[in-house]
Every structure is written in structure tokens, then in C-alpha cells.
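See below for work37.cif, which holds mmCIF, C-alpha atoms; chains and numbers go by the auth columns.
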data_data
#
loop_
_atom_site.group_PDB
_atom_site.id
_atom_site.type_symbol
_atom_site.label_atom_id
_atom_site.label_comp_id
_atom_site.label_asym_id
_atom_site.label_seq_id
_atom_site.Cartn_x
_atom_site.Cartn_y
_atom_site.Cartn_z
_atom_site.B_iso_or_equiv
_atom_site.auth_seq_id
_atom_site.auth_asym_id
ATOM 1 C CA GLN A 1 75.973 18.422 -72.162 0.00 1 A
ATOM 2 C CA VAL A 2 74.422 21.302 -74.060 0.00 2 A
ATOM 3 C CA GLN A 3 73.187 21.109 -77.634 0.00 3 A
ATOM 4 C CA LEU A 4 72.811 24.253 -79.740 0.00 4 A
ATOM 5 C CA VAL A 5 71.077 24.409 -83.118 0.00 5 A
ATOM 6 C CA GLU A 6 71.005 27.603 -85.153 0.00 6 A
ATOM 7 C CA SER A 7 68.415 28.477 -87.776 0.00 7 A
ATOM 8 C CA GLY A 8 67.157 31.450 -89.754 0.00 8 A
ATOM 9 C CA GLY A 9 70.086 32.136 -92.046 0.00 9 A
ATOM 10 C CA GLY A 10 69.836 32.662 -95.782 0.00 10 A
ATOM 11 C CA LEU A 11 70.268 35.229 -98.523 0.00 11 A
ATOM 12 C CA VAL A 12 69.166 38.835 -98.096 0.00 12 A
ATOM 13 C CA GLN A 13 69.807 42.086 -99.918 0.00 13 A
ATOM 14 C CA ALA A 14 71.806 44.856 -98.328 0.00 14 A
ATOM 15 C CA GLY A 15 69.601 46.966 -96.101 0.00 15 A
ATOM 16 C CA GLY A 16 67.361 44.027 -95.305 0.00 16 A
ATOM 17 C CA SER A 17 66.669 42.248 -92.036 0.00 17 A
ATOM 18 C CA MET A 18 66.982 38.721 -90.739 0.00 18 A
ATOM 19 C CA ARG A 19 66.428 36.986 -87.409 0.00 19 A
ATOM 20 C CA LEU A 20 68.566 34.085 -86.299 0.00 20 A
ATOM 21 C CA SER A 21 67.470 31.610 -83.657 0.00 21 A
ATOM 22 C CA CYS A 22 69.448 29.205 -81.498 0.00 22 A
ATOM 23 C CA ALA A 23 67.495 26.380 -79.882 0.00 23 A
ATOM 24 C CA THR A 24 69.110 24.815 -76.841 0.00 24 A
ATOM 25 C CA SER A 25 68.677 21.531 -75.014 0.00 25 A
ATOM 26 C CA GLY A 26 70.443 19.428 -72.459 0.00 26 A
ATOM 27 C CA ARG A 27 70.615 21.950 -69.622 0.00 27 A
ATOM 28 C CA SER A 28 68.422 24.616 -68.109 0.00 28 A
ATOM 29 C CA PHE A 29 68.607 27.489 -70.579 0.00 29 A
ATOM 30 C CA SER A 30 68.314 30.070 -67.814 0.00 30 A
ATOM 31 C CA SER A 31 71.612 28.821 -66.365 0.00 31 A
ATOM 32 C CA LEU A 32 73.540 29.612 -69.555 0.00 32 A
ATOM 33 C CA ALA A 33 75.145 32.824 -70.708 0.00 33 A
ATOM 34 C CA MET A 34 74.988 33.004 -74.477 0.00 34 A
ATOM 35 C CA GLY A 35 76.864 34.555 -77.345 0.00 35 A
ATOM 36 C CA TRP A 36 76.827 34.964 -81.098 0.00 36 A
ATOM 37 C CA PHE A 37 80.016 34.798 -83.134 0.00 37 A
ATOM 38 C CA ARG A 38 80.573 34.820 -86.869 0.00 38 A
ATOM 39 C CA GLN A 39 83.244 33.657 -89.272 0.00 39 A
ATOM 40 C CA ALA A 40 83.657 34.884 -92.827 0.00 40 A
ATOM 41 C CA PRO A 41 85.684 32.946 -95.419 0.00 41 A
ATOM 42 C CA GLY A 42 89.390 33.409 -94.867 0.00 42 A
ATOM 43 C CA LYS A 43 88.872 35.300 -91.618 0.00 43 A
ATOM 44 C CA GLU A 44 89.043 34.442 -87.951 0.00 44 A
ATOM 45 C CA ARG A 45 85.930 33.952 -85.895 0.00 45 A
ATOM 46 C CA GLU A 46 84.761 37.235 -84.403 0.00 46 A
ATOM 47 C CA PHE A 47 82.443 38.269 -81.618 0.00 47 A
ATOM 48 C CA VAL A 48 79.021 39.646 -82.496 0.00 48 A
ATOM 49 C CA ALA A 49 76.935 39.873 -79.297 0.00 49 A
ATOM 50 C CA ALA A 50 76.457 38.304 -75.881 0.00 50 A
ATOM 51 C CA ILE A 51 73.712 38.134 -73.279 0.00 51 A
ATOM 52 C CA GLY A 52 73.609 37.097 -69.632 0.00 52 A
ATOM 53 C CA TRP A 53 71.390 34.554 -67.933 0.00 53 A
ATOM 54 C CA THR A 54 68.432 36.845 -67.332 0.00 54 A
ATOM 55 C CA GLY A 55 68.925 39.033 -70.376 0.00 55 A
ATOM 56 C CA GLY A 56 69.841 41.992 -68.223 0.00 56 A
ATOM 57 C CA SER A 57 73.402 42.232 -69.503 0.00 57 A
ATOM 58 C CA THR A 58 74.146 42.550 -73.198 0.00 58 A
ATOM 59 C CA TYR A 59 77.300 43.294 -75.153 0.00 59 A
ATOM 60 C CA TYR A 60 77.854 44.110 -78.814 0.00 60 A
ATOM 61 C CA ALA A 61 80.764 44.346 -81.188 0.00 61 A
ATOM 62 C CA ASP A 62 81.245 47.855 -82.548 0.00 62 A
ATOM 63 C CA PRO A 63 80.434 46.937 -86.186 0.00 63 A
ATOM 64 C CA VAL A 64 76.936 45.741 -85.239 0.00 64 A
ATOM 65 C CA LYS A 65 75.946 48.242 -82.539 0.00 65 A
ATOM 66 C CA GLY A 66 72.690 49.932 -83.380 0.00 66 A
ATOM 67 C CA ARG A 67 71.857 47.352 -86.066 0.00 67 A
ATOM 68 C CA PHE A 68 71.766 43.991 -84.245 0.00 68 A
ATOM 69 C CA THR A 69 69.834 43.035 -81.120 0.00 69 A
ATOM 70 C CA ILE A 70 70.478 39.938 -79.045 0.00 70 A
ATOM 71 C CA SER A 71 67.647 38.559 -76.913 0.00 71 A
ATOM 72 C CA ARG A 72 66.539 35.375 -75.240 0.00 72 A
ATOM 73 C CA ASP A 73 63.298 33.653 -74.314 0.00 73 A
ATOM 74 C CA ASN A 74 63.995 31.445 -71.321 0.00 74 A
ATOM 75 C CA ALA A 75 60.536 29.892 -71.542 0.00 75 A
ATOM 76 C CA LYS A 76 61.278 28.694 -75.077 0.00 76 A
ATOM 77 C CA ASN A 77 64.947 27.816 -74.465 0.00 77 A
ATOM 78 C CA THR A 78 65.858 29.973 -77.429 0.00 78 A
ATOM 79 C CA LEU A 79 68.383 32.671 -78.194 0.00 79 A
ATOM 80 C CA TYR A 80 67.789 35.254 -80.946 0.00 80 A
ATOM 81 C CA LEU A 81 69.768 37.691 -83.020 0.00 81 A
ATOM 82 C CA GLN A 82 67.734 40.320 -84.827 0.00 82 A
ATOM 83 C CA MET A 83 69.813 41.817 -87.617 0.00 83 A
ATOM 84 C CA ASN A 84 68.685 45.015 -89.324 0.00 84 A
ATOM 85 C CA ASN A 85 70.233 47.168 -92.037 0.00 85 A
ATOM 86 C CA LEU A 86 72.423 44.281 -93.112 0.00 86 A
ATOM 87 C CA LYS A 87 75.599 44.973 -95.054 0.00 87 A
ATOM 88 C CA PRO A 88 77.643 42.758 -97.385 0.00 88 A
ATOM 89 C CA GLU A 89 80.386 42.669 -94.753 0.00 89 A
ATOM 90 C CA ASP A 90 77.950 40.881 -92.413 0.00 90 A
ATOM 91 C CA THR A 91 78.195 37.833 -94.673 0.00 91 A
ATOM 92 C CA ALA A 92 79.474 34.934 -92.575 0.00 92 A
ATOM 93 C CA VAL A 93 78.566 31.722 -90.820 0.00 93 A
ATOM 94 C CA TYR A 94 76.937 32.672 -87.532 0.00 94 A
ATOM 95 C CA HIS A 95 77.416 30.455 -84.496 0.00 95 A
ATOM 96 C CA CYS A 96 75.698 30.568 -81.143 0.00 96 A
ATOM 97 C CA SER A 97 77.664 29.637 -78.059 0.00 97 A
ATOM 98 C CA ALA A 98 77.008 28.965 -74.388 0.00 98 A
ATOM 99 C CA VAL A 99 78.754 28.852 -71.042 0.00 99 A
ATOM 100 C CA LYS A 100 77.342 27.630 -67.746 0.00 100 A
ATOM 101 C CA ARG A 101 76.533 30.087 -64.978 0.00 101 A
ATOM 102 C CA ASP A 102 79.034 28.154 -62.825 0.00 102 A
ATOM 103 C CA TYR A 103 81.661 30.035 -64.827 0.00 103 A
ATOM 104 C CA GLY A 104 79.958 33.376 -64.483 0.00 104 A
ATOM 105 C CA SER A 105 83.085 35.280 -63.464 0.00 105 A
ATOM 106 C CA ARG A 106 84.796 34.047 -66.614 0.00 106 A
ATOM 107 C CA TRP A 107 81.924 35.314 -68.732 0.00 107 A
ATOM 108 C CA TYR A 108 81.747 38.738 -67.076 0.00 108 A
ATOM 109 C CA ARG A 109 85.484 39.225 -67.621 0.00 109 A
ATOM 110 C CA ALA A 110 85.375 38.378 -71.301 0.00 110 A
ATOM 111 C CA PRO A 111 81.955 37.922 -72.904 0.00 111 A
ATOM 112 C CA ASP A 112 83.487 38.772 -76.273 0.00 112 A
ATOM 113 C CA VAL A 113 86.187 36.092 -76.284 0.00 113 A
ATOM 114 C CA ASP A 114 85.425 32.741 -77.888 0.00 114 A
ATOM 115 C CA GLN A 115 87.493 30.810 -75.337 0.00 115 A
ATOM 116 C CA THR A 116 84.982 31.909 -72.706 0.00 116 A
ATOM 117 C CA TYR A 117 82.354 29.576 -74.164 0.00 117 A
ATOM 118 C CA ASP A 118 82.251 25.816 -73.797 0.00 118 A
ATOM 119 C CA TYR A 119 79.453 24.883 -76.191 0.00 119 A
ATOM 120 C CA TRP A 120 78.960 25.746 -79.847 0.00 120 A
ATOM 121 C CA GLY A 121 76.388 25.209 -82.550 0.00 121 A
ATOM 122 C CA GLN A 122 77.177 24.139 -86.105 0.00 122 A
ATOM 123 C CA GLY A 123 76.327 27.544 -87.492 0.00 123 A
ATOM 124 C CA THR A 124 73.979 29.055 -90.047 0.00 124 A
ATOM 125 C CA GLN A 125 75.056 30.851 -93.215 0.00 125 A
ATOM 126 C CA VAL A 126 74.076 34.485 -93.683 0.00 126 A
ATOM 127 C CA THR A 127 74.750 36.008 -97.086 0.00 127 A
ATOM 128 C CA VAL A 128 74.108 39.684 -97.781 0.00 128 A
ATOM 129 C CA SER A 129 74.128 40.712 -101.419 0.00 129 A
ATOM 130 C CA SER A 130 74.999 44.226 -102.542 0.00 130 A
#

As C-alpha cells:
Amino acid sequence: QVQLVESGGGLVQAGGSMRLSCATSGRSFSSLAMGWFRQAPGKEREFVAAIGWTGGSTYYADPVKGRFTISRDNAKNTLYLQMNNLKPEDTAVYHCSAVKRDYGSRWYRAPDVDQTYDYWGQGTQVTVSS
């Protein structure tokens, strides 16, 4: 079993920056592909970014390209999402997610689909004020 715990959310003004973290336990972090998704009130969960086991492969949703950076520290078992130039439309609950390397082909086919991932954190609220 894999446990994921997000942190780092809060309130920030538009144009500001914030870094989210996702601490993992229960399985070797380097054997997990990871993703960030977000869900705003009244909207469906949407893909934000994804990163492969070594960090060599990354994917981003169009609305966050050039503003957000996903990264991982396998020595610290932690996933990050650096968010710059935040906009009010970035307001949402952000969830980290994980899938085992055993299902690598699934992840490479669809890193931006939530059904690809088997493990989810509880989420952290990010609110961007205008």
C-alpha cells in the first residue's frame, strides 16, 4: 500500500508563487510514477502535471505550462509542484497520485488520465485571490 500526504497549500495573491509537496510512504518512491491533479468547486478533477520514476519524463496540462514545474526527490520520497504566476483560476484542491512501475505501459499511454493512478492523497487547498 502507498500513502500520500500533500502539504504546502494556502492563500496567495494572483501573481504569487507556492510550492506543494507530497510525502510518500509504504513503497519505494523510485518505483512510482507520480501525478498532480486538481479539482475546483463544481468542476471535475483535472490533470495538472505528471513525472516518471526517474524524473526524466514530465507532462503538463496546457493551462499550467510555463508556470508550474513538477519535480521529485527520490532520496526524500517526496514529490513537488512549484507554482509560479498563480491565477485565480488555479484555485482548487490539489491531489497527488501514484501508480506502480509495474503498470508503466499504462502510465506512458495516459499520464494525464486519473484512472491511470491507483493511489491518491487527501489533497491540499490552494486559493488564489485576485

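Residues matching the PyMOL selection byres ((chain A and resi 45-55) around 6) in this structure come to Ser30, Ser31, Leu32, Ala33, Met34, Gly35, Trp36, Phe37, Arg38, Gln39, Glu44, Gly56, Ser57, Thr58, Tyr59, Tyr60, Ala61 and Asp112 of chain A.
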
Please dump the current selection as a PDB file, in the frame of the given file; keep C-alpha atoms.
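Final output, saved to part37.pdb:
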ATOM      1  CA  SER A  30      68.314  30.070 -67.814  1.00  0.00           C
ATOM      2  CA  SER A  31      71.612  28.821 -66.365  1.00  0.00           C
ATOM      3  CA  LEU A  32      73.540  29.612 -69.555  1.00  0.00           C
ATOM      4  CA  ALA A  33      75.145  32.824 -70.708  1.00  0.00           C
ATOM      5  CA  MET A  34      74.988  33.004 -74.477  1.00  0.00           C
ATOM      6  CA  GLY A  35      76.864  34.555 -77.345  1.00  0.00           C
ATOM      7  CA  TRP A  36      76.827  34.964 -81.098  1.00  0.00           C
ATOM      8  CA  PHE A  37      80.016  34.798 -83.134  1.00  0.00           C
ATOM      9  CA  ARG A  38      80.573  34.820 -86.869  1.00  0.00           C
ATOM     10  CA  GLN A  39      83.244  33.657 -89.272  1.00  0.00           C
ATOM     11  CA  GLU A  44      89.043  34.442 -87.951  1.00  0.00           C
ATOM     12  CA  GLY A  56      69.841  41.992 -68.223  1.00  0.00           C
ATOM     13  CA  SER A  57      73.402  42.232 -69.503  1.00  0.00           C
ATOM     14  CA  THR A  58      74.146  42.550 -73.198  1.00  0.00           C
ATOM     15  CA  TYR A  59      77.300  43.294 -75.153  1.00  0.00           C
ATOM     16  CA  TYR A  60      77.854  44.110 -78.814  1.00  0.00           C
ATOM     17  CA  ALA A  61      80.764  44.346 -81.188  1.00  0.00           C
ATOM     18  CA  ASP A 112      83.487  38.772 -76.273  1.00  0.00           C
TER      19      ASP A 112
END

Check your understanding: Using all atoms listed in the file, which residue out of A:His95, A:Arg101, A:Arg27, A:Lys65 lies closest to Asn77 in chain A?
Key -> A:Arg27

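Taking CA of Asp114 in chain A and CA of Val93 in chain A as endpoints, the distance between them is 14.7 Å.
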
**Study point:** Residues returned when the PyMOL selection byres ((chain A and resi 82) around 12) runs on this file, as a PyMOL selection string
**Key:** chain A and resi 8-9+16-22+36+48-49+64-72+79-81+83-86

**Study point:** Of the listed residues A:Leu11, A:Leu4, A:Ala98, A:Ala110, that which approaches Ser129 in chain A most closely, counting all atoms listed in the file
**Key:** A:Leu11

Review point. What do you get, as an MDAnalysis selection string, if you spell out every residue that the PyMOL selection byres ((chain A and resi 120-122) around 9) selects here?
Key: chainID A and resid 2:6 22 94:98 117:119 123:124

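Computed from the coordinates, the CA of Pro41 in chain A to CA of Gly15 in chain A distance equals 21.3 Å.
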
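Closest to Gln13 in chain A among A:Thr116, A:Gln125, A:Thr91, A:Gln1 is A:Thr91, based on all atoms listed in the file.
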
Exercise for review: Quote the spacing between CA of Pro111 in chain A and CA of Val12 in chain A in Å to one decimal place.
Suggested key: 28.3 Å

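Nearest to Ala75 in chain A of all the residues A:Val99, A:Ser7, A:Phe29, A:Val126 is A:Phe29, based on all atoms listed in the file.
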
Exercise for review: For Pro88 in chain A, work out the shell of residues within 8 Å, counting only C-alpha atoms and skipping chain neighbours fewer than 5 positions away, then give it as a PyMOL selection string.
Suggested key: chain A and resi 14+127-130

Hey, can I get the axis-aligned box for range 109-118 of chain A? All listed atoms, 8 Å padding on each side, centre and edge lengths in Å to one decimal, as AutoDock Vina command-line options.
--center_x 84.7 --center_y 32.5 --center_z -72.8 --size_x 21.5 --size_y 29.4 --size_z 26.3

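Distances to Asp90 in chain A were evaluated for A:Thr78, A:Pro63, A:Gln115, A:Thr24 using all atoms listed in the file, and the minimum falls at A:Pro63.
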